[in-house]
>>> print(open('query.pdb').read())   # PDB, C-alpha atoms
ATOM      1  CA  MET A   1     130.329 248.567 -32.457
ATOM      2  CA  THR A   2     127.428 247.788 -34.762
ATOM      3  CA  THR A   3     127.088 249.595 -38.049
ATOM      4  CA  ASP A   4     123.980 251.660 -38.657
ATOM      5  CA  TRP A   5     123.256 250.153 -42.069
ATOM      6  CA  LYS A   6     120.262 252.414 -42.675
ATOM      7  CA  ASN A   7     122.611 255.417 -42.741
ATOM      8  CA  ALA A   8     125.819 253.816 -44.034
ATOM      9  CA  PRO A   9     127.212 255.054 -47.367
ATOM     10  CA  LEU A  10     125.400 253.282 -50.203
ATOM     11  CA  PRO A  11     128.488 251.459 -51.557
ATOM     12  CA  GLU A  12     129.246 250.172 -48.050
ATOM     13  CA  LEU A  13     125.631 249.091 -47.576
ATOM     14  CA  MET A  14     125.603 247.231 -50.911
ATOM     15  CA  THR A  15     128.892 245.510 -50.073
ATOM     16  CA  HIS A  16     127.399 244.433 -46.753
ATOM     17  CA  ILE A  17     124.233 243.114 -48.427
ATOM     18  CA  VAL A  18     126.203 241.122 -51.015
ATOM     19  CA  SER A  19     128.896 239.777 -48.686
ATOM     20  CA  THR A  20     126.538 238.994 -45.815
ATOM     21  CA  HIS A  21     123.014 238.333 -47.054
ATOM     22  CA  HIS A  22     123.541 237.324 -50.685
ATOM     23  CA  ALA A  23     126.477 235.075 -49.753
ATOM     24  CA  TYR A  24     124.454 233.476 -46.931
ATOM     25  CA  CYS A  25     121.471 232.997 -49.225
ATOM     26  CA  ARG A  26     123.519 231.266 -51.938
ATOM     27  CA  LYS A  27     125.376 229.051 -49.466
ATOM     28  CA  GLU A  28     122.237 228.057 -47.597
ATOM     29  CA  MET A  29     120.201 227.372 -50.733
ATOM     30  CA  VAL A  30     122.795 224.798 -51.834
ATOM     31  CA  ARG A  31     123.106 223.319 -48.341
ATOM     32  CA  MET A  32     119.352 223.118 -47.798
ATOM     33  CA  GLN A  33     118.698 221.570 -51.211
ATOM     34  CA  ALA A  34     120.994 218.744 -50.071
ATOM     35  CA  MET A  35     119.162 218.640 -46.731
ATOM     36  CA  PHE A  36     115.844 218.166 -48.552
ATOM     37  CA  VAL A  37     117.357 215.120 -50.279
ATOM     38  CA  THR A  38     118.631 213.741 -46.949
ATOM     39  CA  ALA A  39     115.296 214.388 -45.229
ATOM     40  CA  GLY A  40     113.518 212.514 -48.003
ATOM     41  CA  SER A  41     109.746 212.426 -47.703
ATOM     42  CA  GLY A  42     110.053 213.931 -44.208
ATOM     43  CA  GLY A  43     110.546 217.307 -45.894
ATOM     44  CA  GLY A  44     107.182 217.011 -47.595
ATOM     45  CA  ALA A  45     106.527 217.343 -51.328
ATOM     46  CA  LYS A  46     104.840 220.747 -51.061
ATOM     47  CA  LEU A  47     107.649 222.190 -48.904
ATOM     48  CA  THR A  48     110.301 220.746 -51.217
ATOM     49  CA  SER A  49     108.568 222.197 -54.278
ATOM     50  CA  GLY A  50     108.116 225.593 -52.625
ATOM     51  CA  PHE A  51     111.773 225.747 -51.656
ATOM     52  CA  ALA A  52     112.871 224.786 -55.181
ATOM     53  CA  THR A  53     110.693 227.576 -56.612
ATOM     54  CA  LEU A  54     112.144 230.029 -54.082
ATOM     55  CA  CYS A  55     115.728 229.025 -54.935
ATOM     56  CA  GLN A  56     115.168 229.481 -58.655
ATOM     57  CA  ALA A  57     113.589 232.912 -58.162
ATOM     58  CA  LEU A  58     116.220 234.080 -55.669
ATOM     59  CA  SER A  59     119.132 232.951 -57.850
ATOM     60  CA  GLN A  60     117.864 235.129 -60.701
ATOM     61  CA  HIS A  61     116.981 237.979 -58.348
ATOM     62  CA  LEU A  62     120.417 238.122 -56.707
ATOM     63  CA  ALA A  63     122.122 238.085 -60.106
ATOM     64  CA  LYS A  64     119.999 241.014 -61.341
ATOM     65  CA  GLU A  65     120.816 243.036 -58.250
ATOM     66  CA  GLU A  66     124.533 242.311 -58.410
ATOM     67  CA  MET A  67     125.026 242.658 -62.162
ATOM     68  CA  MET A  68     122.651 245.502 -62.984
ATOM     69  CA  LEU A  69     121.111 247.421 -60.090
ATOM     70  CA  PHE A  70     123.907 247.638 -57.520
ATOM     71  CA  PRO A  71     126.553 248.725 -60.085
ATOM     72  CA  LEU A  72     124.183 251.493 -61.239
ATOM     73  CA  ILE A  73     123.639 252.685 -57.672
ATOM     74  CA  ALA A  74     127.415 252.636 -57.157
ATOM     75  CA  LYS A  75     127.814 254.859 -60.242
ATOM     76  CA  PHE A  76     125.334 257.334 -58.758
ATOM     77  CA  ALA A  77     127.383 257.379 -55.545
ATOM     78  CA  VAL A  78     130.575 258.042 -57.539
ATOM     79  CA  ALA A  79     128.864 260.852 -59.476
ATOM     80  CA  GLN A  80     127.782 262.429 -56.200
ATOM     81  CA  ARG A  81     131.223 262.106 -54.622
ATOM     82  CA  GLU A  82     133.110 263.352 -57.692
ATOM     83  CA  HIS A  83     130.525 265.965 -58.718
ATOM     84  CA  THR A  84     130.206 264.438 -62.186
ATOM     85  CA  PRO A  85     127.097 263.855 -64.309
ATOM     86  CA  PRO A  86     125.049 260.849 -63.216
ATOM     87  CA  PRO A  87     124.753 257.788 -65.440
ATOM     88  CA  GLN A  88     121.780 257.627 -67.790
ATOM     89  CA  PRO A  89     120.250 254.163 -67.349
ATOM     90  CA  ALA A  90     118.869 252.574 -70.506
ATOM     91  CA  PHE A  91     115.705 251.687 -68.568
ATOM     92  CA  GLY A  92     114.892 255.270 -67.605
ATOM     93  CA  SER A  93     115.132 255.662 -63.860
ATOM     94  CA  VAL A  94     116.726 253.548 -61.153
ATOM     95  CA  GLY A  95     113.206 253.369 -59.755
ATOM     96  CA  ASN A  96     112.153 251.020 -62.570
ATOM     97  CA  PRO A  97     114.383 248.048 -61.631
ATOM     98  CA  ILE A  98     113.853 248.856 -57.955
ATOM     99  CA  ARG A  99     110.098 248.412 -58.392
ATOM    100  CA  MET A 100     110.792 245.002 -59.955
ATOM    101  CA  MET A 101     113.119 244.026 -57.096
ATOM    102  CA  VAL A 102     110.521 245.057 -54.495
ATOM    103  CA  MET A 103     107.897 243.024 -56.317
ATOM    104  CA  GLU A 104     110.226 240.019 -56.353
ATOM    105  CA  HIS A 105     110.866 240.518 -52.624
ATOM    106  CA  GLY A 106     107.116 240.288 -52.102
ATOM    107  CA  GLU A 107     106.993 237.037 -54.071
ATOM    108  CA  ALA A 108     109.842 235.570 -51.989
ATOM    109  CA  GLU A 109     108.124 236.669 -48.785
ATOM    110  CA  LYS A 110     104.911 235.010 -49.964
ATOM    111  CA  LEU A 111     106.699 231.708 -50.673
ATOM    112  CA  LEU A 112     108.420 231.828 -47.288
ATOM    113  CA  ALA A 113     105.112 232.624 -45.559
ATOM    114  CA  GLN A 114     103.518 229.593 -47.232
ATOM    115  CA  MET A 115     106.396 227.390 -46.044
ATOM    116  CA  ARG A 116     106.168 228.931 -42.570
ATOM    117  CA  ASP A 117     102.424 228.179 -42.468
ATOM    118  CA  GLU A 118     102.884 224.619 -43.738
ATOM    119  CA  THR A 119     105.383 223.898 -40.984
ATOM    120  CA  GLY A 120     103.738 225.734 -38.101
ATOM    121  CA  GLY A 121     106.548 228.274 -37.980
ATOM    122  CA  PHE A 122     109.266 225.819 -39.044
ATOM    123  CA  VAL A 123     108.606 223.564 -36.048
ATOM    124  CA  ALA A 124     109.322 219.928 -36.884
ATOM    125  CA  PRO A 125     106.789 217.336 -35.732
ATOM    126  CA  ALA A 126     107.710 215.665 -32.430
ATOM    127  CA  GLU A 127     108.283 212.335 -34.190
ATOM    128  CA  ALA A 128     110.447 213.856 -36.967
ATOM    129  CA  ALA A 129     113.846 212.414 -37.728
ATOM    130  CA  GLU A 130     116.936 214.461 -36.854
ATOM    131  CA  GLU A 131     117.455 215.314 -40.564
ATOM    132  CA  VAL A 132     113.982 216.852 -40.729
ATOM    133  CA  ARG A 133     114.570 218.813 -37.522
ATOM    134  CA  ALA A 134     117.838 220.163 -38.925
ATOM    135  CA  LEU A 135     116.088 221.131 -42.165
ATOM    136  CA  TYR A 136     113.338 223.015 -40.329
ATOM    137  CA  ASP A 137     115.938 224.822 -38.203
ATOM    138  CA  ALA A 138     117.818 225.813 -41.366
ATOM    139  CA  LEU A 139     114.604 227.033 -43.005
ATOM    140  CA  LYS A 140     113.776 229.122 -39.943
ATOM    141  CA  ALA A 141     117.234 230.744 -39.955
ATOM    142  CA  PHE A 142     116.967 231.343 -43.717
ATOM    143  CA  ASP A 143     113.560 232.983 -43.275
ATOM    144  CA  GLU A 144     114.901 235.239 -40.514
ATOM    145  CA  ASP A 145     117.883 236.311 -42.622
ATOM    146  CA  MET A 146     115.635 237.023 -45.614
ATOM    147  CA  LYS A 147     113.508 239.330 -43.459
ATOM    148  CA  VAL A 148     116.597 241.359 -42.480
ATOM    149  CA  HIS A 149     117.945 241.267 -46.046
ATOM    150  CA  ILE A 150     114.697 242.487 -47.621
ATOM    151  CA  GLU A 151     114.222 245.146 -44.937
ATOM    152  CA  LEU A 152     117.705 246.575 -45.643
ATOM    153  CA  GLU A 153     117.074 246.778 -49.354
ATOM    154  CA  ASP A 154     113.466 247.974 -49.268
ATOM    155  CA  THR A 155     113.785 250.545 -46.479
ATOM    156  CA  ALA A 156     117.443 251.598 -46.507
ATOM    157  CA  LEU A 157     119.053 251.026 -49.902
ATOM    158  CA  PHE A 158     116.290 251.498 -52.446
ATOM    159  CA  PRO A 159     114.655 254.713 -51.154
ATOM    160  CA  ARG A 160     118.071 256.307 -50.735
ATOM    161  CA  ALA A 161     119.133 255.268 -54.249
ATOM    162  CA  ILE A 162     115.987 256.832 -55.725
ATOM    163  CA  ALA A 163     116.550 259.998 -53.692
ATOM    164  CA  LEU A 164     120.177 260.172 -54.812
ATOM    165  CA  GLU A 165     119.215 259.869 -58.471
ATOM    166  CA  GLN A 166     116.632 262.638 -58.062
ATOM    167  CA  GLU A 167     119.183 264.834 -56.268
ATOM    168  CA  LEU A 168     121.745 264.318 -59.021
ATOM    169  CA  LEU A 169     119.201 265.075 -61.719
ATOM    170  CA  GLY A 170     118.192 268.258 -59.939
ATOM    171  CA  GLY A 171     114.762 266.978 -59.007
TER     172      GLY A 171
END
>>> encode(input="query.pdb", output="structure tokens")
Amino acid sequence: MTTDWKNAPLPELMTHIVSTHHAYCRKEMVRMQAMFVTAGSGGGAKLTSGFATLCQALSQHLAKEEMMLFPLIAKFAVAQREHTPPPQPAFGSVGNPIRMMVMEHGEAEKLLAQMRDETGGFVAPAEAAEEVRALYDALKAFDEDMKVHIELEDTALFPRAIALEQELLGG
């Protein structure tokens, strides 16, 4: 039975995002950075640079979600469940960091789109070495997972977190 993540309890959804998508992202970024080294110039300087930029941005992004935003959303869920006052974030509303996360998602999507365009949809040239083919396959899988990951956060988690905060604040 597949879980309907768009309607799952927020703590369960966040656990799924961290244990599935964040864990995959971290593991694959390390693995693919090594693959870029193995592929050498076959990876292409522009693709290598774009991936390095993406990794740096995503590493910071995942940390912000896991250390700041997701714990806050979890506190809102606890307040709802236990009928206690909601937390008062120092940055105003949960919508403020969510806007930043959505913007960062857009930046990641833009970098991935550039890499996708540079590689013709992550299709290795016919004459490419096996290491380059493996790298392109890994990039394609990474891109596909990022689409699912971003969709879950932007359309399932974030709107529901904002709605929960408003509900708890009586708005």
>>> resolve_selection(input="query.pdb", expression="the PyMOL selection byres ((chain A and resi 56-59) around 10)", output="PDB file with C-alpha atoms, keeping the file's coordinate frame")
ATOM      1  CA  HIS A  22     123.541 237.324 -50.685  1.00  0.00           C
ATOM      2  CA  CYS A  25     121.471 232.997 -49.225  1.00  0.00           C
ATOM      3  CA  ARG A  26     123.519 231.266 -51.938  1.00  0.00           C
ATOM      4  CA  MET A  29     120.201 227.372 -50.733  1.00  0.00           C
ATOM      5  CA  PHE A  51     111.773 225.747 -51.656  1.00  0.00           C
ATOM      6  CA  ALA A  52     112.871 224.786 -55.181  1.00  0.00           C
ATOM      7  CA  THR A  53     110.693 227.576 -56.612  1.00  0.00           C
ATOM      8  CA  LEU A  54     112.144 230.029 -54.082  1.00  0.00           C
ATOM      9  CA  CYS A  55     115.728 229.025 -54.935  1.00  0.00           C
ATOM     10  CA  GLN A  60     117.864 235.129 -60.701  1.00  0.00           C
ATOM     11  CA  HIS A  61     116.981 237.979 -58.348  1.00  0.00           C
ATOM     12  CA  LEU A  62     120.417 238.122 -56.707  1.00  0.00           C
ATOM     13  CA  ALA A  63     122.122 238.085 -60.106  1.00  0.00           C
ATOM     14  CA  LYS A  64     119.999 241.014 -61.341  1.00  0.00           C
ATOM     15  CA  GLU A 104     110.226 240.019 -56.353  1.00  0.00           C
ATOM     16  CA  HIS A 105     110.866 240.518 -52.624  1.00  0.00           C
ATOM     17  CA  GLU A 107     106.993 237.037 -54.071  1.00  0.00           C
ATOM     18  CA  ALA A 108     109.842 235.570 -51.989  1.00  0.00           C
TER      19      ALA A 108
END
>>> closest_residue(input="query.pdb", among="A:Ala141, A:Ala39, A:Leu69, A:Leu169", to="Met14 (chain A)", atoms="all atoms listed in the file")
A:Leu69
>>> residues_around(input="query.pdb", residues="region 85-88 of chain A", least_positions_apart="5", cutoff="7 Å", atoms="only C-alpha atoms", output="list of chain:residue names")
A:Lys75, A:Phe76, A:Ala79, A:Leu168
>>> closest_residue(input="query.pdb", among="A:Val37, A:Arg81, A:Gly92, A:Arg116", to="Leu10 (chain A)", atoms="all atoms listed in the file")
A:Arg81
>>> resolve_selection(input="query.pdb", expression="the PyMOL selection byres ((chain A and resi 165) around 9)", output="list in words")
Ile73, Phe76, Pro86, Ser93, Val94, Gly95, Arg160, Ala161, Ile162, Ala163, Leu164, Gln166, Glu167, Leu168, Leu169, Gly170 and Gly171 of chain A
>>> closest_residue(input="query.pdb", among="A:Lys140, A:Leu152, A:Tyr24, A:Val123", to="Asp4 (chain A)", atoms="all atoms listed in the file")
A:Leu152
>>> residues_around(input="query.pdb", residues="Phe122 (chain A)", least_positions_apart="4", cutoff="10 Å", atoms="all atoms listed in the file", output="PyMOL selection string")
chain A and resi 115-118+133+135-141+143
>>> write_last_selection(input="query.pdb", atoms="C-alpha atoms", output="compact mmCIF listing (two decimals), in the frame of the given file")
# COMPACT_ATOMS: atom_id res chain seq x y z
CA MET A 115 106.40 227.39 -46.04
CA ARG A 116 106.17 228.93 -42.57
CA ASP A 117 102.42 228.18 -42.47
CA GLU A 118 102.88 224.62 -43.74
CA ARG A 133 114.57 218.81 -37.52
CA LEU A 135 116.09 221.13 -42.16
CA TYR A 136 113.34 223.02 -40.33
CA ASP A 137 115.94 224.82 -38.20
CA ALA A 138 117.82 225.81 -41.37
CA LEU A 139 114.60 227.03 -43.00
CA LYS A 140 113.78 229.12 -39.94
CA ALA A 141 117.23 230.74 -39.96
CA ASP A 143 113.56 232.98 -43.28
>>> atom_distance(input="query.pdb", atom1="CA of Leu157 (chain A)", atom2="CA of Asn96 (chain A)")
14.4 Å
